[in-house]
>>> print(open('work27.cif').read())   # mmCIF, C-alpha atoms
data_protein
#
loop_
_atom_site.group_PDB
_atom_site.id
_atom_site.type_symbol
_atom_site.label_atom_id
_atom_site.label_comp_id
_atom_site.auth_asym_id
_atom_site.auth_seq_id
_atom_site.Cartn_x
_atom_site.Cartn_y
_atom_site.Cartn_z
ATOM 1 C CA MET A 157 -25.085 11.131 20.639
ATOM 2 C CA ASP A 158 -23.260 7.837 21.072
ATOM 3 C CA ILE A 159 -24.080 4.136 20.946
ATOM 4 C CA ASN A 160 -24.462 3.882 24.751
ATOM 5 C CA GLN A 161 -27.148 6.567 24.755
ATOM 6 C CA LEU A 162 -28.990 4.658 22.056
ATOM 7 C CA ARG A 163 -28.743 1.415 24.036
ATOM 8 C CA CYS A 164 -30.192 3.114 27.126
ATOM 9 C CA PHE A 165 -33.085 4.579 25.163
ATOM 10 C CA VAL A 166 -33.906 1.293 23.430
ATOM 11 C CA ALA A 167 -33.809 -0.551 26.769
ATOM 12 C CA VAL A 168 -36.351 1.875 28.242
ATOM 13 C CA GLY A 169 -38.396 1.745 25.044
ATOM 14 C CA LYS A 170 -38.646 -2.034 25.339
ATOM 15 C CA GLU A 171 -39.373 -2.189 29.073
ATOM 16 C CA LEU A 172 -41.276 1.113 29.425
ATOM 17 C CA HIS A 173 -39.918 1.116 32.959
ATOM 18 C CA PHE A 174 -36.727 2.828 34.160
ATOM 19 C CA GLY A 175 -36.059 0.369 36.978
ATOM 20 C CA ARG A 176 -36.288 -2.769 34.825
ATOM 21 C CA ALA A 177 -34.337 -1.108 31.985
ATOM 22 C CA ALA A 178 -31.603 -0.007 34.401
ATOM 23 C CA GLN A 179 -31.377 -3.541 35.796
ATOM 24 C CA LYS A 180 -31.059 -4.930 32.282
ATOM 25 C CA MET A 181 -28.319 -2.414 31.476
ATOM 26 C CA GLU A 182 -26.632 -3.114 34.857
ATOM 27 C CA MET A 183 -26.633 0.554 35.855
ATOM 28 C CA MET A 184 -28.354 2.893 38.295
ATOM 29 C CA PRO A 185 -31.753 4.310 37.227
ATOM 30 C CA ALA A 186 -30.453 7.850 37.757
ATOM 31 C CA SER A 187 -27.554 7.226 35.381
ATOM 32 C CA LEU A 188 -29.877 5.692 32.820
ATOM 33 C CA SER A 189 -32.195 8.685 33.049
ATOM 34 C CA ARG A 190 -29.242 11.056 32.587
ATOM 35 C CA PHE A 191 -28.103 9.269 29.397
ATOM 36 C CA ILE A 192 -31.567 9.596 27.881
ATOM 37 C CA ARG A 193 -31.888 13.230 28.918
ATOM 38 C CA LEU A 194 -28.558 13.990 27.177
ATOM 39 C CA LEU A 195 -29.804 12.148 24.082
ATOM 40 C CA GLU A 196 -32.976 14.229 24.008
ATOM 41 C CA GLU A 197 -30.912 17.419 24.401
ATOM 42 C CA ASP A 198 -28.638 16.389 21.522
ATOM 43 C CA LEU A 199 -31.626 15.695 19.290
ATOM 44 C CA GLY A 200 -33.674 18.657 20.470
ATOM 45 C CA VAL A 201 -36.799 16.532 20.834
ATOM 46 C CA ARG A 202 -38.609 14.714 23.660
ATOM 47 C CA LEU A 203 -38.551 10.936 23.187
ATOM 48 C CA LEU A 204 -40.339 9.752 26.350
ATOM 49 C CA ASN A 205 -43.461 10.728 28.286
ATOM 50 C CA ARG A 206 -42.623 10.385 31.976
ATOM 51 C CA SER A 207 -45.029 10.271 34.913
ATOM 52 C CA THR A 208 -44.854 8.947 38.438
ATOM 53 C CA ARG A 209 -46.609 5.737 37.401
ATOM 54 C CA ASN A 210 -45.613 4.937 33.825
ATOM 55 C CA VAL A 211 -43.334 5.688 30.896
ATOM 56 C CA SER A 212 -44.385 5.824 27.258
ATOM 57 C CA LEU A 213 -42.852 6.763 23.917
ATOM 58 C CA THR A 214 -43.763 10.056 22.303
ATOM 59 C CA ALA A 215 -44.687 9.997 18.601
ATOM 60 C CA GLU A 216 -41.149 11.074 17.769
ATOM 61 C CA GLY A 217 -39.779 8.543 20.259
ATOM 62 C CA ALA A 218 -41.639 5.695 18.560
ATOM 63 C CA LEU A 219 -40.121 6.597 15.187
ATOM 64 C CA PHE A 220 -36.681 7.010 16.711
ATOM 65 C CA PHE A 221 -36.992 3.701 18.590
ATOM 66 C CA ASP A 222 -37.336 1.670 15.375
ATOM 67 C CA ASP A 223 -34.346 3.269 13.676
ATOM 68 C CA ALA A 224 -32.223 3.204 16.841
ATOM 69 C CA SER A 225 -32.920 -0.523 17.291
ATOM 70 C CA LYS A 226 -31.826 -1.214 13.700
ATOM 71 C CA LEU A 227 -28.686 0.882 14.146
ATOM 72 C CA ILE A 228 -27.691 -1.005 17.298
ATOM 73 C CA ASP A 229 -28.206 -4.341 15.537
ATOM 74 C CA GLN A 230 -26.045 -3.175 12.619
ATOM 75 C CA PHE A 231 -23.355 -1.918 14.981
ATOM 76 C CA ASP A 232 -23.276 -5.200 16.917
ATOM 77 C CA ALA A 233 -23.123 -7.246 13.704
ATOM 78 C CA LEU A 234 -20.248 -5.130 12.401
ATOM 79 C CA ALA A 235 -18.361 -5.429 15.682
ATOM 80 C CA LYS A 236 -18.814 -9.204 15.663
ATOM 81 C CA ARG A 237 -17.439 -9.455 12.117
ATOM 82 C CA PHE A 238 -14.244 -7.683 13.045
ATOM 83 C CA LYS A 239 -13.815 -9.408 16.399
ATOM 84 C CA VAL A 240 -13.584 -12.763 14.628
ATOM 85 C CA GLY A 241 -11.076 -11.301 12.177
ATOM 86 C CA LEU A 242 -13.169 -11.696 9.020
ATOM 87 C CA LYS A 243 -12.125 -15.358 8.935
ATOM 88 C CA ASP A 244 -14.831 -16.413 6.529
ATOM 89 C CA GLU A 245 -14.565 -13.460 4.142
ATOM 90 C CA ARG A 246 -12.203 -12.553 1.319
ATOM 91 C CA ARG A 247 -9.323 -10.361 2.418
ATOM 92 C CA THR A 248 -7.612 -7.714 0.338
ATOM 93 C CA LEU A 249 -3.866 -7.092 0.211
ATOM 94 C CA ARG A 250 -2.938 -3.759 -1.336
ATOM 95 C CA ILE A 251 0.563 -3.645 -2.771
ATOM 96 C CA GLY A 252 2.401 -0.722 -4.308
ATOM 97 C CA ALA A 253 5.471 -1.320 -6.467
ATOM 98 C CA ILE A 254 7.875 0.555 -8.685
ATOM 99 C CA ASP A 255 7.842 -0.604 -12.307
ATOM 100 C CA SER A 256 10.769 -3.038 -12.143
ATOM 101 C CA ALA A 257 9.465 -4.733 -8.974
ATOM 102 C CA ALA A 258 5.977 -4.984 -10.471
ATOM 103 C CA ARG A 259 7.457 -6.865 -13.423
ATOM 104 C CA GLY A 260 9.882 -9.103 -11.541
ATOM 105 C CA LEU A 261 9.911 -9.618 -7.785
ATOM 106 C CA VAL A 262 6.243 -9.052 -6.930
ATOM 107 C CA PRO A 263 4.774 -11.676 -9.341
ATOM 108 C CA ALA A 264 7.321 -14.235 -8.144
ATOM 109 C CA LEU A 265 6.491 -13.484 -4.517
ATOM 110 C CA LEU A 266 2.752 -13.738 -5.162
ATOM 111 C CA ASN A 267 3.292 -17.192 -6.682
ATOM 112 C CA LEU A 268 4.360 -18.252 -3.185
ATOM 113 C CA PHE A 269 1.735 -16.235 -1.318
ATOM 114 C CA VAL A 270 -1.480 -17.034 -3.219
ATOM 115 C CA PRO A 271 -1.431 -20.844 -2.596
ATOM 116 C CA LEU A 272 -1.316 -20.074 1.143
ATOM 117 C CA HIS A 273 -4.220 -17.626 0.856
ATOM 118 C CA PRO A 274 -6.312 -18.770 -2.125
ATOM 119 C CA HIS A 275 -9.272 -16.583 -1.160
ATOM 120 C CA SER A 276 -7.276 -13.361 -0.935
ATOM 121 C CA ASP A 277 -7.791 -10.411 -3.247
ATOM 122 C CA ILE A 278 -4.557 -8.808 -4.447
ATOM 123 C CA HIS A 279 -4.584 -5.201 -5.610
ATOM 124 C CA ILE A 280 -1.341 -3.918 -7.155
ATOM 125 C CA ILE A 281 -0.599 -0.268 -7.883
ATOM 126 C CA GLU A 282 2.445 0.466 -10.045
ATOM 127 C CA ASP A 283 3.946 3.897 -9.485
ATOM 128 C CA LYS A 284 7.135 5.744 -8.596
ATOM 129 C CA THR A 285 8.530 5.768 -5.054
ATOM 130 C CA ILE A 286 7.704 9.455 -4.609
ATOM 131 C CA ASN A 287 4.001 8.676 -5.187
ATOM 132 C CA LEU A 288 3.840 5.383 -3.274
ATOM 133 C CA MET A 289 5.237 6.710 0.019
ATOM 134 C CA PRO A 290 2.251 8.938 0.935
ATOM 135 C CA LYS A 291 -0.200 6.176 -0.061
ATOM 136 C CA LEU A 292 1.495 3.804 2.396
ATOM 137 C CA LYS A 293 1.589 6.388 5.183
ATOM 138 C CA SER A 294 -2.120 7.186 4.750
ATOM 139 C CA GLY A 295 -3.100 3.500 4.908
ATOM 140 C CA TRP A 296 -4.233 3.135 1.280
ATOM 141 C CA LEU A 297 -1.486 0.556 0.729
ATOM 142 C CA ASP A 298 -0.333 -2.278 3.013
ATOM 143 C CA MET A 299 3.216 -2.508 1.681
ATOM 144 C CA ILE A 300 5.327 -0.975 -1.059
ATOM 145 C CA PHE A 301 8.381 -2.099 -3.041
ATOM 146 C CA ILE A 302 10.517 0.978 -3.611
ATOM 147 C CA ARG A 303 13.916 2.594 -4.046
ATOM 148 C CA GLU A 304 14.450 3.726 -0.455
ATOM 149 C CA PRO A 305 14.623 7.553 -0.298
ATOM 150 C CA GLN A 306 17.297 9.402 1.678
ATOM 151 C CA SER A 307 14.813 10.266 4.425
ATOM 152 C CA ILE A 308 11.790 8.249 5.459
ATOM 153 C CA ASP A 309 8.919 8.873 7.868
ATOM 154 C CA ALA A 310 9.509 7.524 11.385
ATOM 155 C CA THR A 311 6.166 5.671 11.295
ATOM 156 C CA LEU A 312 7.365 3.420 8.462
ATOM 157 C CA ALA A 313 9.578 0.327 8.562
ATOM 158 C CA VAL A 314 11.938 -0.475 5.675
ATOM 159 C CA ARG A 315 13.793 -3.673 4.807
ATOM 160 C CA PHE A 316 16.463 -3.803 2.112
ATOM 161 C CA ILE A 317 15.926 -6.660 -0.356
ATOM 162 C CA THR A 318 18.593 -6.543 -3.069
ATOM 163 C CA ARG A 319 20.219 -4.475 -5.766
ATOM 164 C CA GLU A 320 18.792 -4.923 -9.244
ATOM 165 C CA SER A 321 21.259 -5.388 -12.082
ATOM 166 C CA CYS A 322 21.245 -2.966 -15.001
ATOM 167 C CA VAL A 323 21.603 -3.278 -18.753
ATOM 168 C CA LEU A 324 22.246 -0.880 -21.616
ATOM 169 C CA ALA A 325 19.271 -0.312 -23.923
ATOM 170 C CA VAL A 326 20.225 0.440 -27.547
ATOM 171 C CA PRO A 327 18.256 0.611 -30.829
ATOM 172 C CA ILE A 328 18.038 -2.773 -32.536
ATOM 173 C CA GLN A 329 20.138 -1.539 -35.486
ATOM 174 C CA HIS A 330 22.836 0.062 -33.333
ATOM 175 C CA ALA A 331 26.467 -1.008 -33.770
ATOM 176 C CA LEU A 332 26.546 -2.282 -30.169
ATOM 177 C CA ALA A 333 23.335 -4.293 -30.480
ATOM 178 C CA GLN A 334 25.143 -7.578 -31.122
ATOM 179 C CA ARG A 335 27.553 -7.241 -28.215
ATOM 180 C CA GLU A 336 27.072 -9.519 -25.182
ATOM 181 C CA ARG A 337 28.635 -7.102 -22.685
ATOM 182 C CA VAL A 338 29.722 -3.470 -22.681
ATOM 183 C CA ALA A 339 31.500 -1.027 -20.382
ATOM 184 C CA VAL A 340 31.043 2.736 -20.223
ATOM 185 C CA ALA A 341 34.086 3.268 -22.454
ATOM 186 C CA ASP A 342 32.223 1.481 -25.262
ATOM 187 C CA PHE A 343 29.479 4.137 -25.382
ATOM 188 C CA GLN A 344 31.165 7.189 -23.856
ATOM 189 C CA HIS A 345 30.450 9.338 -26.928
ATOM 190 C CA GLU A 346 26.847 8.226 -27.382
ATOM 191 C CA ALA A 347 23.821 10.427 -26.629
ATOM 192 C CA MET A 348 22.110 9.264 -23.447
ATOM 193 C CA ILE A 349 18.479 9.236 -22.333
ATOM 194 C CA ILE A 350 18.545 9.819 -18.573
ATOM 195 C CA PRO A 351 15.721 9.574 -16.000
ATOM 196 C CA ASP A 352 14.529 12.771 -14.371
ATOM 197 C CA ARG A 353 16.222 13.031 -10.963
ATOM 198 C CA ARG A 354 13.165 14.488 -9.199
ATOM 199 C CA THR A 355 11.091 11.351 -9.748
ATOM 200 C CA ARG A 356 13.784 8.671 -10.294
ATOM 201 C CA PRO A 357 16.802 9.818 -8.240
ATOM 202 C CA HIS A 358 18.481 6.399 -7.947
ATOM 203 C CA SER A 359 18.335 5.654 -11.678
ATOM 204 C CA HIS A 360 19.493 9.173 -12.542
ATOM 205 C CA ASP A 361 22.417 9.054 -10.095
ATOM 206 C CA LEU A 362 23.460 5.578 -11.229
ATOM 207 C CA THR A 363 23.924 6.684 -14.856
ATOM 208 C CA MET A 364 25.736 9.868 -13.847
ATOM 209 C CA SER A 365 28.014 7.946 -11.449
ATOM 210 C CA LEU A 366 28.848 5.334 -14.096
ATOM 211 C CA PHE A 367 30.276 8.008 -16.365
ATOM 212 C CA LYS A 368 31.975 9.947 -13.567
ATOM 213 C CA LEU A 369 33.798 6.890 -12.155
ATOM 214 C CA ALA A 370 34.976 6.004 -15.657
ATOM 215 C CA GLY A 371 36.340 9.522 -16.093
ATOM 216 C CA PHE A 372 33.743 10.642 -18.665
ATOM 217 C CA THR A 373 30.939 13.164 -18.863
ATOM 218 C CA PRO A 374 27.682 11.879 -20.402
ATOM 219 C CA HIS A 375 26.218 13.607 -23.438
ATOM 220 C CA ILE A 376 22.586 13.958 -22.327
ATOM 221 C CA ALA A 377 20.185 14.032 -25.245
ATOM 222 C CA GLN A 378 16.973 13.956 -23.203
ATOM 223 C CA PHE A 379 15.627 13.675 -19.684
ATOM 224 C CA ALA A 380 12.558 11.446 -19.380
ATOM 225 C CA GLU A 381 10.356 10.276 -16.522
ATOM 226 C CA GLU A 382 8.377 7.208 -17.603
ATOM 227 C CA LYS A 383 10.006 3.902 -18.531
ATOM 228 C CA GLN A 384 7.997 3.542 -21.726
ATOM 229 C CA THR A 385 9.013 7.034 -22.813
ATOM 230 C CA ILE A 386 12.678 6.231 -22.210
ATOM 231 C CA LEU A 387 12.476 3.038 -24.279
ATOM 232 C CA SER A 388 10.507 4.758 -27.049
ATOM 233 C CA LEU A 389 13.206 7.425 -27.324
ATOM 234 C CA VAL A 390 15.854 4.684 -27.504
ATOM 235 C CA SER A 391 13.825 2.846 -30.134
ATOM 236 C CA ALA A 392 13.608 6.040 -32.194
ATOM 237 C CA GLY A 393 17.402 6.304 -32.227
ATOM 238 C CA LEU A 394 17.567 9.406 -30.048
ATOM 239 C CA GLY A 395 19.968 7.917 -27.527
ATOM 240 C CA LEU A 396 20.962 4.991 -25.311
ATOM 241 C CA ALA A 397 19.793 4.351 -21.736
ATOM 242 C CA VAL A 398 20.920 2.455 -18.651
ATOM 243 C CA VAL A 399 17.839 0.633 -17.350
ATOM 244 C CA PRO A 400 16.947 -2.131 -14.850
ATOM 245 C CA ALA A 401 17.454 -5.628 -16.264
ATOM 246 C CA SER A 402 13.729 -6.327 -15.769
ATOM 247 C CA TYR A 403 13.022 -4.072 -18.772
ATOM 248 C CA ARG A 404 14.523 -6.650 -21.148
ATOM 249 C CA THR A 405 11.188 -7.968 -22.401
ATOM 250 C CA MET A 406 9.856 -4.502 -23.262
ATOM 251 C CA ASN A 407 10.065 -3.116 -26.839
ATOM 252 C CA SER A 408 12.134 -6.188 -27.705
ATOM 253 C CA ASP A 409 11.360 -5.842 -31.415
ATOM 254 C CA SER A 410 13.064 -2.434 -31.600
ATOM 255 C CA VAL A 411 15.430 -2.320 -28.600
ATOM 256 C CA SER A 412 18.363 -4.555 -27.679
ATOM 257 C CA TYR A 413 19.513 -4.995 -24.093
ATOM 258 C CA ILE A 414 23.205 -5.574 -23.378
ATOM 259 C CA ALA A 415 24.780 -6.725 -20.112
ATOM 260 C CA LEU A 416 26.614 -3.849 -18.467
ATOM 261 C CA ASP A 417 29.872 -4.029 -16.521
ATOM 262 C CA LEU A 418 29.416 -2.062 -13.313
ATOM 263 C CA PRO A 419 32.339 -0.787 -11.224
ATOM 264 C CA GLU A 420 32.738 -2.195 -7.709
ATOM 265 C CA LYS A 421 31.348 0.989 -6.142
ATOM 266 C CA ILE A 422 28.089 0.654 -8.083
ATOM 267 C CA LYS A 423 26.254 -2.592 -7.442
ATOM 268 C CA GLY A 424 22.950 -1.760 -9.142
ATOM 269 C CA LEU A 425 19.662 -0.181 -8.132
ATOM 270 C CA PRO A 426 18.512 -0.748 -4.517
ATOM 271 C CA LEU A 427 15.144 -2.400 -3.940
ATOM 272 C CA SER A 428 13.432 -2.357 -0.531
ATOM 273 C CA ILE A 429 10.060 -3.158 1.009
ATOM 274 C CA ALA A 430 8.311 -0.722 3.359
ATOM 275 C CA TRP A 431 5.258 -1.021 5.622
ATOM 276 C CA GLN A 432 3.720 0.764 8.604
ATOM 277 C CA LYS A 433 5.387 0.064 11.943
ATOM 278 C CA GLY A 434 3.123 -1.864 14.295
ATOM 279 C CA ASN A 435 1.051 -3.416 11.515
ATOM 280 C CA GLU A 436 0.323 -6.976 12.629
ATOM 281 C CA ASP A 437 -1.907 -7.965 9.704
ATOM 282 C CA ARG A 438 -1.377 -11.665 8.971
ATOM 283 C CA PHE A 439 -1.170 -11.078 5.212
ATOM 284 C CA LEU A 440 1.642 -8.579 5.665
ATOM 285 C CA LEU A 441 3.472 -10.830 8.134
ATOM 286 C CA ASP A 442 3.179 -13.828 5.802
ATOM 287 C CA MET A 443 4.492 -11.765 2.890
ATOM 288 C CA LEU A 444 7.491 -10.608 4.927
ATOM 289 C CA ARG A 445 8.153 -14.188 6.058
ATOM 290 C CA LEU A 446 8.040 -15.541 2.503
ATOM 291 C CA LEU A 447 10.325 -12.773 1.304
ATOM 292 C CA HIS A 448 12.835 -13.622 4.027
ATOM 293 C CA GLU A 449 12.692 -17.399 3.508
ATOM 294 C CA HIS A 450 12.920 -17.286 -0.302
ATOM 295 C CA GLN A 451 14.953 -14.113 -0.804
ATOM 296 C CA ARG A 452 17.813 -15.787 -2.634
ATOM 297 C CA GLU A 453 15.667 -17.513 -5.241
ATOM 298 C CA LEU A 454 13.365 -14.481 -5.620
ATOM 299 C CA THR A 455 16.237 -12.118 -6.334
ATOM 300 C CA ALA A 456 18.426 -14.462 -8.405
ATOM 301 C CA LYS A 457 17.164 -13.087 -11.741
ATOM 302 C CA LEU A 458 17.023 -9.414 -10.769
#
>>> encode(input="work27.cif", output="C-alpha cells")
Amino acid sequence: MDINQLRCFVAVGKELHFGRAAQKMEMMPASLSRFIRLLEEDLGVRLLNRSTRNVSLTAEGALFFDDASKLIDQFDALAKRFKVGLKDERRTLRIGAIDSAARGLVPALLNLFVPLHPHSDIHIIEDKTINLMPKLKSGWLDMIFIREPQSIDATLAVRFITRESCVLAVPIQHALAQRERVAVADFQHEAMIIPDRRTRPHSHDLTMSLFKLAGFTPHIAQFAEEKQTILSLVSAGLGLAVVPASYRTMNSDSVSYIALDLPEKIKGLPLSIAWQKGNEDRFLLDMLRLLHEHQRELTAKL
C-alpha cells in the first residue's frame, strides 16, 4: 500500500465514478482501477461495489475512506512543511564536543551563531571522540568537535581547527604550585596521572612523548579516563597530570595549573570539526563559515 493507491481510492470514493476520478487524477481508468484492485489485495478486503452502471463504497470502504482522506491530508501538510524548509519554525542544531571544546571553543562560537539565528535550539552533547563519531555517522549529531582519529569514515568531512595548549596540574600545596612555567625536567621524578589510551589516545600519547623527547620515562601512578577523575586524583596528591589549558577553572581551590614548555615537535592537542559530507543544512554551513572567518580570535585562548 502506498500514498498513490490511497489517492486513487479517495478520488473514486468522492466521485463514485471511475471515469471522472481518472480524469481528476489525470490517468487512464484502467490504470486507476488497477491501483485500487492492488490496494484491495494488500488489505484483503473489498472497498468498492462495482456494477456496469454505478460504483459505491462497501461498509469497510466507507470506514477506510474517512481514515485514508485524513492520512492524505496529513501527508500533504507534512510535505508542504518540509518543502518550504521549516522557515517559520524553530530549528535544532545538534553539536557533539569533547570536554575541552565544550568548555572553550563551542561557547565562543555559539556567541557568534545565536544572534544570527535567535530562534534556533542548540543541543550540546559532551563526550569522548570514540563515542561521538558513531553518533555523527548515524545522523544523531550535525557536527562534532573532536581529536581526529587515525582513520575516519569516508562519509565524513574533517577540518583541522587548532592545537590546544597544555598545562601541568599539581596539588595546590605542591612545591611547584607557585611556579609560572615548568619543563619536563622539573617534574621528571613525580608520579603521573595519565589518560587511558583507548579512550583518550591523543592526551595519552602527548604525555608519553613529552617524557620520551626529554629523555625520561614517566612514573605512572594511575591511568584514568574522565577529566574529573584525573583532577580529583591530582587534588588528592596521588600524582600530577598534563591536561588541556581549558581545564584551568576546574577544581581551582585544590589544584594549581602551571604553563608547560612544550618541545617543538609537540605543539599541543589537535582539535578538529567533523560533519557528514554532502550536508547542506544552512545551520551547519553558517557554523563552518563563522569558524573560518573568526578562527584566529576563537582559538587565541586555547
>>> resolve_selection(input="work27.cif", expression="the PyMOL selection byres ((chain A and resi 317-321) around 8)", output="MDAnalysis selection string")
chainID A and resid 315:316 322:323 400:401 423:429 451 455 458
>>> atom_distance(input="work27.cif", atom1="atom CA of A:Leu195", atom2="atom CA of A:Gln161")
6.2 Å
>>> residues_around(input="work27.cif", residues="stretch 430-433 of chain A", least_positions_apart="2", cutoff="9 Å", atoms="only C-alpha atoms", output="VMD selection string")
chain A and resid 289 292 to 293 295 297 to 302 304 310 to 316 428 435 to 436 440
>>> write_last_selection(input="work27.cif", atoms="C-alpha atoms", output="PDB file, keeping the file's coordinate frame")
ATOM      1  CA  MET A 289       5.237   6.710   0.019  1.00  0.00           C
ATOM      2  CA  LEU A 292       1.495   3.804   2.396  1.00  0.00           C
ATOM      3  CA  LYS A 293       1.589   6.388   5.183  1.00  0.00           C
ATOM      4  CA  GLY A 295      -3.100   3.500   4.908  1.00  0.00           C
ATOM      5  CA  LEU A 297      -1.486   0.556   0.729  1.00  0.00           C
ATOM      6  CA  ASP A 298      -0.333  -2.278   3.013  1.00  0.00           C
ATOM      7  CA  MET A 299       3.216  -2.508   1.681  1.00  0.00           C
ATOM      8  CA  ILE A 300       5.327  -0.975  -1.059  1.00  0.00           C
ATOM      9  CA  PHE A 301       8.381  -2.099  -3.041  1.00  0.00           C
ATOM     10  CA  ILE A 302      10.517   0.978  -3.611  1.00  0.00           C
ATOM     11  CA  GLU A 304      14.450   3.726  -0.455  1.00  0.00           C
ATOM     12  CA  ALA A 310       9.509   7.524  11.385  1.00  0.00           C
ATOM     13  CA  THR A 311       6.166   5.671  11.295  1.00  0.00           C
ATOM     14  CA  LEU A 312       7.365   3.420   8.462  1.00  0.00           C
ATOM     15  CA  ALA A 313       9.578   0.327   8.562  1.00  0.00           C
ATOM     16  CA  VAL A 314      11.938  -0.475   5.675  1.00  0.00           C
ATOM     17  CA  ARG A 315      13.793  -3.673   4.807  1.00  0.00           C
ATOM     18  CA  PHE A 316      16.463  -3.803   2.112  1.00  0.00           C
ATOM     19  CA  SER A 428      13.432  -2.357  -0.531  1.00  0.00           C
ATOM     20  CA  ASN A 435       1.051  -3.416  11.515  1.00  0.00           C
ATOM     21  CA  GLU A 436       0.323  -6.976  12.629  1.00  0.00           C
ATOM     22  CA  LEU A 440       1.642  -8.579   5.665  1.00  0.00           C
TER      23      LEU A 440
END
>>> residues_around(input="work27.cif", residues="A:Met443", least_positions_apart="5", cutoff="10 Å", atoms="all atoms listed in the file", output="short mmCIF file (atom, residue, chain, number, x, y, z; two decimals) with C-alpha atoms, keeping the file's coordinate frame")
data_model
loop_
_atom_site.label_atom_id
_atom_site.label_comp_id
_atom_site.auth_asym_id
_atom_site.auth_seq_id
_atom_site.Cartn_x
_atom_site.Cartn_y
_atom_site.Cartn_z
CA LEU A 249 -3.87 -7.09 0.21
CA LEU A 265 6.49 -13.48 -4.52
CA LEU A 266 2.75 -13.74 -5.16
CA LEU A 268 4.36 -18.25 -3.18
CA PHE A 269 1.74 -16.24 -1.32
CA MET A 299 3.22 -2.51 1.68
CA ARG A 438 -1.38 -11.66 8.97
CA HIS A 448 12.84 -13.62 4.03
CA GLU A 449 12.69 -17.40 3.51
#
>>> closest_residue(input="work27.cif", among="A:Ser212, A:Ile308, A:Met157, A:Lys236", to="A:Phe174", atoms="only C-alpha atoms")
A:Ser212
>>> atom_distance(input="work27.cif", atom1="atom CA of A:Phe221", atom2="atom CA of A:Val166")
6.2 Å
>>> resolve_selection(input="work27.cif", expression="the PyMOL selection byres ((chain A and resi 360) around 12)", output="NGL selection string")
:A and (348-359 or 361-367 or 374 or 376 or 378-381 or 397-400 or 424-425)
>>> atom_distance(input="work27.cif", atom1="atom CA of A:Asp437", atom2="atom CA of A:Asp309")
20.1 Å
>>> closest_residue(input="work27.cif", among="A:Thr373, A:Ser256, A:Asn287, A:Ser391", to="A:Lys457", atoms="only C-alpha atoms")
A:Ser256
>>> resolve_selection(input="work27.cif", expression="the PyMOL selection byres ((chain A and resi 192) around 10)", output="list in words")
Met157, Asn160, Gln161, Leu162, Arg163, Cys164, Phe165, Val166, Val168, Ser187, Leu188, Ser189, Arg190, Phe191, Arg193, Leu194, Leu195, Glu196, Glu197, Asp198, Arg202, Leu203 and Leu204 of chain A
>>> closest_residue(input="work27.cif", among="A:Val390, A:Ile228, A:Phe220, A:Leu416", to="A:Ala339", atoms="all atoms listed in the file")
A:Leu416
>>> residues_near_point(input="work27.cif", point="(18.0, -3.8, -28.1)", cutoff="7 Å", atoms="only C-alpha atoms", output="list in words")
Ala325, Val326, Pro327, Ile328, Ala333, Ser408, Ser410, Val411, Ser412 and Tyr413 of chain A
>>> closest_residue(input="work27.cif", among="A:Ala341, A:Arg445, A:Leu418, A:Ile159", to="A:Gln230", atoms="all atoms listed in the file")
A:Ile159
>>> closest_residue(input="work27.cif", among="A:Val270, A:Ala415, A:Ile386, A:Leu396", to="A:Glu336", atoms="only C-alpha atoms")
A:Ala415
>>> residues_around(input="work27.cif", residues="A:Asp277", least_positions_apart="4", cutoff="10 Å", atoms="only C-alpha atoms", output="tab-separated table (two decimals) with C-alpha atoms, in the coordinates of the input")
chain	number	residue	atom	x	y	z
A	246	ARG	CA	-12.20	-12.55	1.32
A	247	ARG	CA	-9.32	-10.36	2.42
A	248	THR	CA	-7.61	-7.71	0.34
A	249	LEU	CA	-3.87	-7.09	0.21
A	250	ARG	CA	-2.94	-3.76	-1.34
A	270	VAL	CA	-1.48	-17.03	-3.22
A	273	HIS	CA	-4.22	-17.63	0.86
>>> closest_residue(input="work27.cif", among="A:Lys291, A:Arg237, A:His173, A:His330", to="A:Gly393", atoms="all atoms listed in the file")
A:His330
>>> decode(input="work27.cif", residues="stretch 249-258 of chain A", atoms="N, CA and C atoms", output="mmCIF file, in the first residue's frame")
data_model
loop_
_atom_site.group_PDB
_atom_site.id
_atom_site.type_symbol
_atom_site.label_atom_id
_atom_site.label_comp_id
_atom_site.auth_asym_id
_atom_site.auth_seq_id
_atom_site.Cartn_x
_atom_site.Cartn_y
_atom_site.Cartn_z
ATOM 1 N N LEU A 249 19.993 22.525 16.232
ATOM 2 C CA LEU A 249 21.359 22.199 15.831
ATOM 3 C C LEU A 249 21.943 21.316 16.913
ATOM 4 N N ARG A 250 22.367 20.122 16.530
ATOM 5 C CA ARG A 250 22.863 19.142 17.492
ATOM 6 C C ARG A 250 24.373 19.044 17.377
ATOM 7 N N ILE A 251 25.052 19.442 18.438
ATOM 8 C CA ILE A 251 26.507 19.535 18.436
ATOM 9 C C ILE A 251 27.088 18.555 19.441
ATOM 10 N N GLY A 252 28.100 17.822 19.020
ATOM 11 C CA GLY A 252 28.857 16.980 19.931
ATOM 12 C C GLY A 252 30.237 17.581 20.136
ATOM 13 N N ALA A 253 30.786 17.482 21.331
ATOM 14 C CA ALA A 253 32.085 18.100 21.594
ATOM 15 C C ALA A 253 32.825 17.352 22.686
ATOM 16 N N ILE A 254 34.132 17.220 22.522
ATOM 17 C CA ILE A 254 34.956 16.705 23.602
ATOM 18 C C ILE A 254 34.976 17.742 24.718
ATOM 19 N N ASP A 255 35.384 17.329 25.915
ATOM 20 C CA ASP A 255 35.250 18.187 27.091
ATOM 21 C C ASP A 255 35.910 19.551 26.943
ATOM 22 N N SER A 256 37.140 19.603 26.428
ATOM 23 C CA SER A 256 37.825 20.893 26.338
ATOM 24 C C SER A 256 37.151 21.830 25.351
ATOM 25 N N ALA A 257 36.643 21.299 24.227
ATOM 26 C CA ALA A 257 35.937 22.136 23.255
ATOM 27 C C ALA A 257 34.606 22.617 23.811
ATOM 28 N N ALA A 258 33.940 21.769 24.593
ATOM 29 C CA ALA A 258 32.664 22.154 25.192
ATOM 30 C C ALA A 258 32.824 23.272 26.200
#
